[in-house]
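Novice: The structure's right below; bear with me while I get my questions together.
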Amino acid sequence: TQLLEQSPQFLSIQEGENLTVYCNSSSVFSSLQWYRQEPGEGPVLLVTVVTGGEVKKLKRLTFQFGDARKDSSLHITAAQPGDTGLYLCAGVSWGKFQFGAGTQVVVTP
Amino acid sequence: NAGVTQTPKFRILKIGQSMTLQCTQDMNHNYMYWYRQDPGMGLKLIYYSVGAGITDKGEVPNGYNVSRSTTEDFPLRLELAAPSQTSVYFCATRRSAQSRETQYFGPGTRLLVL
């Protein structure tokens, strides 16, 4: 079983600060996806990274896929209260998804 | 266009009871998935289907069964409910296995087994 580890488990910051969430595995994935989940709702896809070394930007969010396609990071610049949520990474292999346990991010005004 | 719908939203079961969690999609997606999400544990794949008539086990299939008689529906059956099955269950769909394809999730079913 491939294991995806996310760190930190919980992150509480003030509005305007930056944060980085990490997703690490000992296995190689064909792609990796990042989701955000609000309480009482299903996860919503933020981005998919496919190529080793790939960097994608989504407004204030920057996603990076490691060169070896085993790890990824999510960086949020100037966090806002609307960024609060559970951030999940998911490695994709043979059409199946392996999810990390998630990082709970809380941004206070 | 409703996307992925799940029913019921919440259910309480007694140990040993059975129930079916319903999942319906109107996006004509081939791939469908059932996950469970326990607090602090992320999502774990229970079963998945790559098309009507085809299902396969995921990471945690014990205690569950599925069927896929149509493209639209992918019900999850619990035969003998156990407290360990208390969780939030999510159904998801995907058009294909292409790497950049989005996975769409339903709103979830919260199940409590007492």
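Starting from 1 in every chain, residues are counted up; chains themselves are A, B, ... following the order of the structure tokens, and ligands are numbered from 1 as listed.
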May I have a table of the residues of chain A lying at most 8 Å from chain B, giving each one's closest pair of atoms and their distance in Å to one decimal, counting only C-alpha atoms, ordered by chain and ascending residue number, as a Markdown table?

Specialist:
| residue | atom | partner | partner_atom | distance |
| --- | --- | --- | --- | --- |
| A:Ser30 | CA | B:Ser99 | CA | 7.0 |
| A:Ser31 | CA | B:Ser99 | CA | 6.0 |
| A:Gly40 | CA | B:Pro107 | CA | 7.3 |
| A:Glu41 | CA | B:Pro107 | CA | 5.0 |
| A:Gly42 | CA | B:Pro107 | CA | 4.9 |
| A:Pro43 | CA | B:Phe105 | CA | 6.3 |
| A:Val44 | CA | B:Tyr104 | CA | 7.1 |
| A:Leu45 | CA | B:Thr102 | CA | 6.8 |
| A:Thr48 | CA | B:Arg100 | CA | 5.8 |
| A:Val49 | CA | B:Arg100 | CA | 7.5 |
| A:Val50 | CA | B:Ser99 | CA | 6.9 |
| A:Leu88 | CA | B:Gly42 | CA | 7.5 |
| A:Val92 | CA | B:Ser99 | CA | 7.6 |
| A:Trp94 | CA | B:Ala97 | CA | 7.8 |
| A:Gly95 | CA | B:Ala97 | CA | 5.2 |
| A:Phe97 | CA | B:Leu45 | CA | 7.4 |
| A:Gln98 | CA | B:Lys44 | CA | 7.3 |
| A:Phe99 | CA | B:Leu43 | CA | 5.7 |
| A:Gly100 | CA | B:Gly42 | CA | 5.6 |
| A:Ala101 | CA | B:Gly42 | CA | 3.8 |
| A:Gly102 | CA | B:Gly42 | CA | 5.9 |

Novice: For the selection you just gave me, I'd like the residues written to a file as a tab-separated table (two decimals), in the first residue's frame, keeping all heavy atoms.

Specialist:
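This is the output file again.tsv:
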chain	number	residue	atom	x	y	z
A	30	SER	N	1.65	8.65	-11.03
A	30	SER	CA	1.53	9.19	-12.38
A	30	SER	C	1.10	10.65	-12.35
A	30	SER	O	1.42	11.42	-13.26
A	30	SER	CB	0.54	8.36	-13.20
A	30	SER	OG	-0.72	8.36	-12.57
A	31	SER	N	0.37	11.02	-11.34
A	31	SER	CA	-0.01	12.42	-11.14
A	31	SER	C	-0.38	12.62	-9.68
A	31	SER	O	-0.55	11.65	-8.93
A	31	SER	CB	-1.18	12.82	-12.05
A	31	SER	OG	-2.33	12.07	-11.71
A	40	GLY	N	-18.64	19.51	6.13
A	40	GLY	CA	-19.93	19.04	5.64
A	40	GLY	C	-20.04	18.92	4.14
A	40	GLY	O	-21.13	18.67	3.62
A	41	GLU	N	-18.94	19.07	3.44
A	41	GLU	CA	-18.96	18.98	1.98
A	41	GLU	C	-17.90	18.00	1.49
A	41	GLU	O	-17.00	17.61	2.24
A	41	GLU	CB	-18.73	20.34	1.34
A	41	GLU	CG	-19.79	21.37	1.70
A	41	GLU	CD	-19.52	22.71	1.04
A	41	GLU	OE1	-18.58	22.80	0.23
A	41	GLU	OE2	-20.26	23.66	1.37
A	42	GLY	N	-18.03	17.62	0.21
A	42	GLY	CA	-17.01	16.78	-0.39
A	42	GLY	C	-15.81	17.60	-0.82
A	42	GLY	O	-15.90	18.82	-0.98
A	43	PRO	N	-14.66	16.94	-1.02
A	43	PRO	CA	-13.46	17.65	-1.50
A	43	PRO	C	-13.69	18.25	-2.89
A	43	PRO	O	-14.41	17.69	-3.70
A	43	PRO	CB	-12.40	16.56	-1.54
A	43	PRO	CG	-12.92	15.46	-0.67
A	43	PRO	CD	-14.40	15.52	-0.79
A	44	VAL	N	-13.04	19.38	-3.11
A	44	VAL	CA	-13.11	20.04	-4.42
A	44	VAL	C	-11.69	20.16	-4.96
A	44	VAL	O	-10.78	20.63	-4.27
A	44	VAL	CB	-13.74	21.44	-4.30
A	44	VAL	CG1	-13.70	22.15	-5.66
A	44	VAL	CG2	-15.18	21.34	-3.81
A	45	LEU	N	-11.52	19.73	-6.21
A	45	LEU	CA	-10.19	19.73	-6.82
A	45	LEU	C	-9.66	21.14	-7.01
A	45	LEU	O	-10.35	22.02	-7.50
A	45	LEU	CB	-10.25	19.02	-8.17
A	45	LEU	CG	-8.92	18.91	-8.92
A	45	LEU	CD1	-7.98	17.96	-8.19
A	45	LEU	CD2	-9.14	18.45	-10.35
A	48	THR	N	-4.13	19.62	-10.59
A	48	THR	CA	-3.49	18.34	-10.88
A	48	THR	C	-2.09	18.63	-11.43
A	48	THR	O	-1.95	19.46	-12.33
A	48	THR	CB	-4.28	17.53	-11.92
A	48	THR	OG1	-5.60	17.30	-11.43
A	48	THR	CG2	-3.60	16.20	-12.19
A	49	VAL	N	-1.08	17.98	-10.88
A	49	VAL	CA	0.27	18.09	-11.42
A	49	VAL	C	0.69	16.73	-11.94
A	49	VAL	O	0.40	15.71	-11.30
A	49	VAL	CB	1.28	18.64	-10.38
A	49	VAL	CG1	1.08	20.12	-10.19
A	49	VAL	CG2	1.15	17.91	-9.05
A	50	VAL	N	1.34	16.72	-13.09
A	50	VAL	CA	1.63	15.47	-13.78
A	50	VAL	C	3.13	15.26	-14.00
A	50	VAL	O	3.65	14.17	-13.81
A	50	VAL	CB	0.90	15.42	-15.13
A	50	VAL	CG1	1.26	14.16	-15.90
A	50	VAL	CG2	-0.60	15.51	-14.92
A	88	LEU	N	-6.17	18.39	1.11
A	88	LEU	CA	-5.86	16.98	0.89
A	88	LEU	C	-5.04	16.82	-0.37
A	88	LEU	O	-5.35	17.41	-1.40
A	88	LEU	CB	-7.15	16.16	0.74
A	88	LEU	CG	-8.08	16.10	1.95
A	88	LEU	CD1	-9.49	15.72	1.50
A	88	LEU	CD2	-7.58	15.10	2.96
A	92	VAL	N	-2.17	9.59	-7.71
A	92	VAL	CA	-2.93	8.79	-8.67
A	92	VAL	C	-2.02	7.74	-9.29
A	92	VAL	O	-0.95	8.05	-9.79
A	92	VAL	CB	-3.54	9.66	-9.78
A	92	VAL	CG1	-4.48	8.83	-10.65
A	92	VAL	CG2	-4.27	10.85	-9.18
A	94	TRP	N	-2.57	4.09	-11.67
A	94	TRP	CA	-3.44	3.13	-12.33
A	94	TRP	C	-4.92	3.48	-12.13
A	94	TRP	O	-5.76	2.60	-11.91
A	94	TRP	CB	-3.17	1.71	-11.83
A	94	TRP	CG	-1.78	1.25	-12.13
A	94	TRP	CD1	-0.73	1.21	-11.29
A	94	TRP	CD2	-1.29	0.77	-13.40
A	94	TRP	NE1	0.39	0.75	-11.93
A	94	TRP	CE2	0.09	0.47	-13.22
A	94	TRP	CE3	-1.86	0.60	-14.66
A	94	TRP	CZ2	0.87	-0.01	-14.27
A	94	TRP	CZ3	-1.08	0.11	-15.69
A	94	TRP	CH2	0.27	-0.19	-15.48
A	95	GLY	N	-5.22	4.76	-12.19
A	95	GLY	CA	-6.61	5.20	-12.13
A	95	GLY	C	-7.19	5.24	-10.73
A	95	GLY	O	-8.33	5.66	-10.54
A	97	PHE	N	-6.89	6.38	-6.52
A	97	PHE	CA	-6.40	7.51	-5.74
A	97	PHE	C	-5.99	7.07	-4.34
A	97	PHE	O	-6.70	6.32	-3.68
A	97	PHE	CB	-7.48	8.58	-5.61
A	97	PHE	CG	-7.80	9.27	-6.91
A	97	PHE	CD1	-8.57	8.65	-7.86
A	97	PHE	CD2	-7.31	10.54	-7.16
A	97	PHE	CE1	-8.86	9.28	-9.06
A	97	PHE	CE2	-7.60	11.19	-8.35
A	97	PHE	CZ	-8.37	10.55	-9.30
A	98	GLN	N	-4.83	7.56	-3.90
A	98	GLN	CA	-4.36	7.35	-2.53
A	98	GLN	C	-4.31	8.72	-1.88
A	98	GLN	O	-3.55	9.58	-2.29
A	98	GLN	CB	-2.97	6.73	-2.54
A	98	GLN	CG	-2.38	6.49	-1.17
A	98	GLN	CD	-2.92	5.24	-0.51
A	98	GLN	OE1	-3.28	4.29	-1.18
A	98	GLN	NE2	-2.99	5.24	0.80
A	99	PHE	N	-5.14	8.92	-0.86
A	99	PHE	CA	-5.22	10.23	-0.21
A	99	PHE	C	-4.33	10.31	1.02
A	99	PHE	O	-4.16	9.33	1.76
A	99	PHE	CB	-6.66	10.52	0.23
A	99	PHE	CG	-7.54	11.03	-0.87
A	99	PHE	CD1	-8.16	10.14	-1.74
A	99	PHE	CD2	-7.76	12.38	-1.02
A	99	PHE	CE1	-8.97	10.61	-2.76
A	99	PHE	CE2	-8.58	12.86	-2.04
A	99	PHE	CZ	-9.18	11.97	-2.91
A	100	GLY	N	-3.80	11.51	1.26
A	100	GLY	CA	-3.16	11.80	2.52
A	100	GLY	C	-4.22	12.09	3.57
A	100	GLY	O	-5.40	12.23	3.26
A	101	ALA	N	-3.79	12.22	4.83
A	101	ALA	CA	-4.73	12.44	5.94
A	101	ALA	C	-5.22	13.88	5.99
A	101	ALA	O	-6.19	14.18	6.68
A	101	ALA	CB	-4.09	12.06	7.26
A	102	GLY	N	-4.55	14.78	5.27
A	102	GLY	CA	-5.01	16.15	5.21
A	102	GLY	C	-4.29	17.09	6.16
A	102	GLY	O	-3.73	16.66	7.18

Novice: List the neighbours of Ala52 (chain B) out to 12 Å using only C-alpha atoms; skip same-chain residues closer than 6 positions along the sequence, and give me the result as a list in words.

Specialist: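 In the requested format, the answer is Asn28, His29, Asn30, Tyr31, Met32, Val66, Ser67, Arg68, Ser69, Thr70, Thr71, Glu72, Asp73 and Phe74 of chain B.
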
Novice: Do you know which residues are at most 7 Å from Leu80 (chain B) counting only C-alpha atoms, after dropping those on the same chain fewer than 3 positions away, and could you put them as a list of chain:residue names?

Specialist: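 So the residues in contact are B:Gly16, B:Gln17, B:Ser18.
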
Novice: Could those selected residues go to a file with all heavy atoms, as a PDB file, in the first residue's frame?

Specialist:
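Done, and the output landed in out-v7.pdb:
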ATOM      1  N   GLY B  16     -25.701  -4.697  13.136  1.00  0.00           N
ATOM      2  CA  GLY B  16     -26.313  -5.829  12.474  1.00  0.00           C
ATOM      3  C   GLY B  16     -27.339  -5.469  11.417  1.00  0.00           C
ATOM      4  O   GLY B  16     -27.720  -6.321  10.596  1.00  0.00           O
ATOM      5  N   GLN B  17     -27.792  -4.216  11.405  1.00  0.00           N
ATOM      6  CA  GLN B  17     -28.736  -3.801  10.364  1.00  0.00           C
ATOM      7  C   GLN B  17     -28.006  -3.638   9.035  1.00  0.00           C
ATOM      8  O   GLN B  17     -26.770  -3.557   8.987  1.00  0.00           O
ATOM      9  CB  GLN B  17     -29.408  -2.481  10.753  1.00  0.00           C
ATOM     10  CG  GLN B  17     -30.451  -2.610  11.838  1.00  0.00           C
ATOM     11  CD  GLN B  17     -31.180  -1.302  12.097  1.00  0.00           C
ATOM     12  OE1 GLN B  17     -30.589  -0.214  12.112  1.00  0.00           O
ATOM     13  NE2 GLN B  17     -32.488  -1.396  12.328  1.00  0.00           N
ATOM     14  N   SER B  18     -28.791  -3.569   7.971  1.00  0.00           N
ATOM     15  CA  SER B  18     -28.209  -3.364   6.654  1.00  0.00           C
ATOM     16  C   SER B  18     -28.802  -2.110   6.028  1.00  0.00           C
ATOM     17  O   SER B  18     -29.880  -1.644   6.436  1.00  0.00           O
ATOM     18  CB  SER B  18     -28.468  -4.570   5.760  1.00  0.00           C
ATOM     19  OG  SER B  18     -29.859  -4.746   5.593  1.00  0.00           O
TER      20      SER B  18
END

Novice: Which residues are near Ala78 (chain A)? Cut-off 7 Å, only C-alpha atoms, ignore same chain within fewer than 5 positions. Put them as a list in words.

Specialist: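 The contact residues come out as Glu15, Gly16, Glu17 and Asn18 of chain A.
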
Novice: Kindly export the residues of the current selection with all heavy atoms, as a CSV table (one decimal), in the first residue's frame.

Specialist:
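The file below, part.csv, is the result:
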chain,number,residue,atom,x,y,z
A,15,GLU,N,-4.2,36.3,9.1
A,15,GLU,CA,-4.4,36.8,7.7
A,15,GLU,C,-3.1,37.6,7.2
A,15,GLU,O,-2.6,38.3,8.0
A,15,GLU,CB,-5.6,37.7,7.7
A,15,GLU,CG,-6.0,38.3,6.3
A,15,GLU,CD,-7.2,39.1,6.4
A,15,GLU,OE1,-7.8,39.3,7.5
A,15,GLU,OE2,-7.7,39.5,5.3
A,16,GLY,N,-2.7,37.3,6.0
A,16,GLY,CA,-1.6,38.0,5.4
A,16,GLY,C,-0.3,37.2,5.5
A,16,GLY,O,0.7,37.5,4.8
A,17,GLU,N,-0.3,36.2,6.3
A,17,GLU,CA,1.0,35.3,6.5
A,17,GLU,C,1.0,34.3,5.3
A,17,GLU,O,0.0,34.1,4.6
A,17,GLU,CB,1.0,34.6,7.8
A,17,GLU,CG,1.2,35.6,9.0
A,17,GLU,CD,1.2,34.8,10.3
A,17,GLU,OE1,0.7,33.7,10.4
A,17,GLU,OE2,1.9,35.3,11.3
A,18,ASN,N,2.2,33.7,5.1
A,18,ASN,CA,2.3,32.7,4.1
A,18,ASN,C,2.4,31.3,4.8
A,18,ASN,O,2.7,31.2,6.0
A,18,ASN,CB,3.7,32.9,3.3
A,18,ASN,CG,3.7,34.2,2.7
A,18,ASN,OD1,2.7,34.8,2.3
A,18,ASN,ND2,5.0,34.7,2.5

Novice: So that I can check the surroundings of Thr5 (chain B), please list as a PyMOL selection string every protein, DNA and RNA residue that reaches within 7 Å of it, counting only C-alpha atoms and ignoring chain neighbours fewer than 4 positions away.

Specialist: chain B and resi 23-25+106

Novice: Mind giving me the straight-line distance from CA of Glu38 (chain A) to CA of Thr84 (chain A) in Å, one decimal?

Specialist: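 Distance between the two atoms: 8.1 Å.
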
Novice: Name the closest residue to Phe63 (chain A) among the candidates A:Val107, A:Gln14, A:Leu4, A:Gln33; distances are taken between atoms, counting only C-alpha atoms.

Specialist: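 Looking at the shortest contact to Phe63 (chain A), the residue is A:Gln33.
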
Novice: Report, in Å with one decimal, the straight-line distance from CA of Ile15 (chain B) to CA of Gly63 (chain B).

Specialist: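 A separation of 12.5 Å between them.
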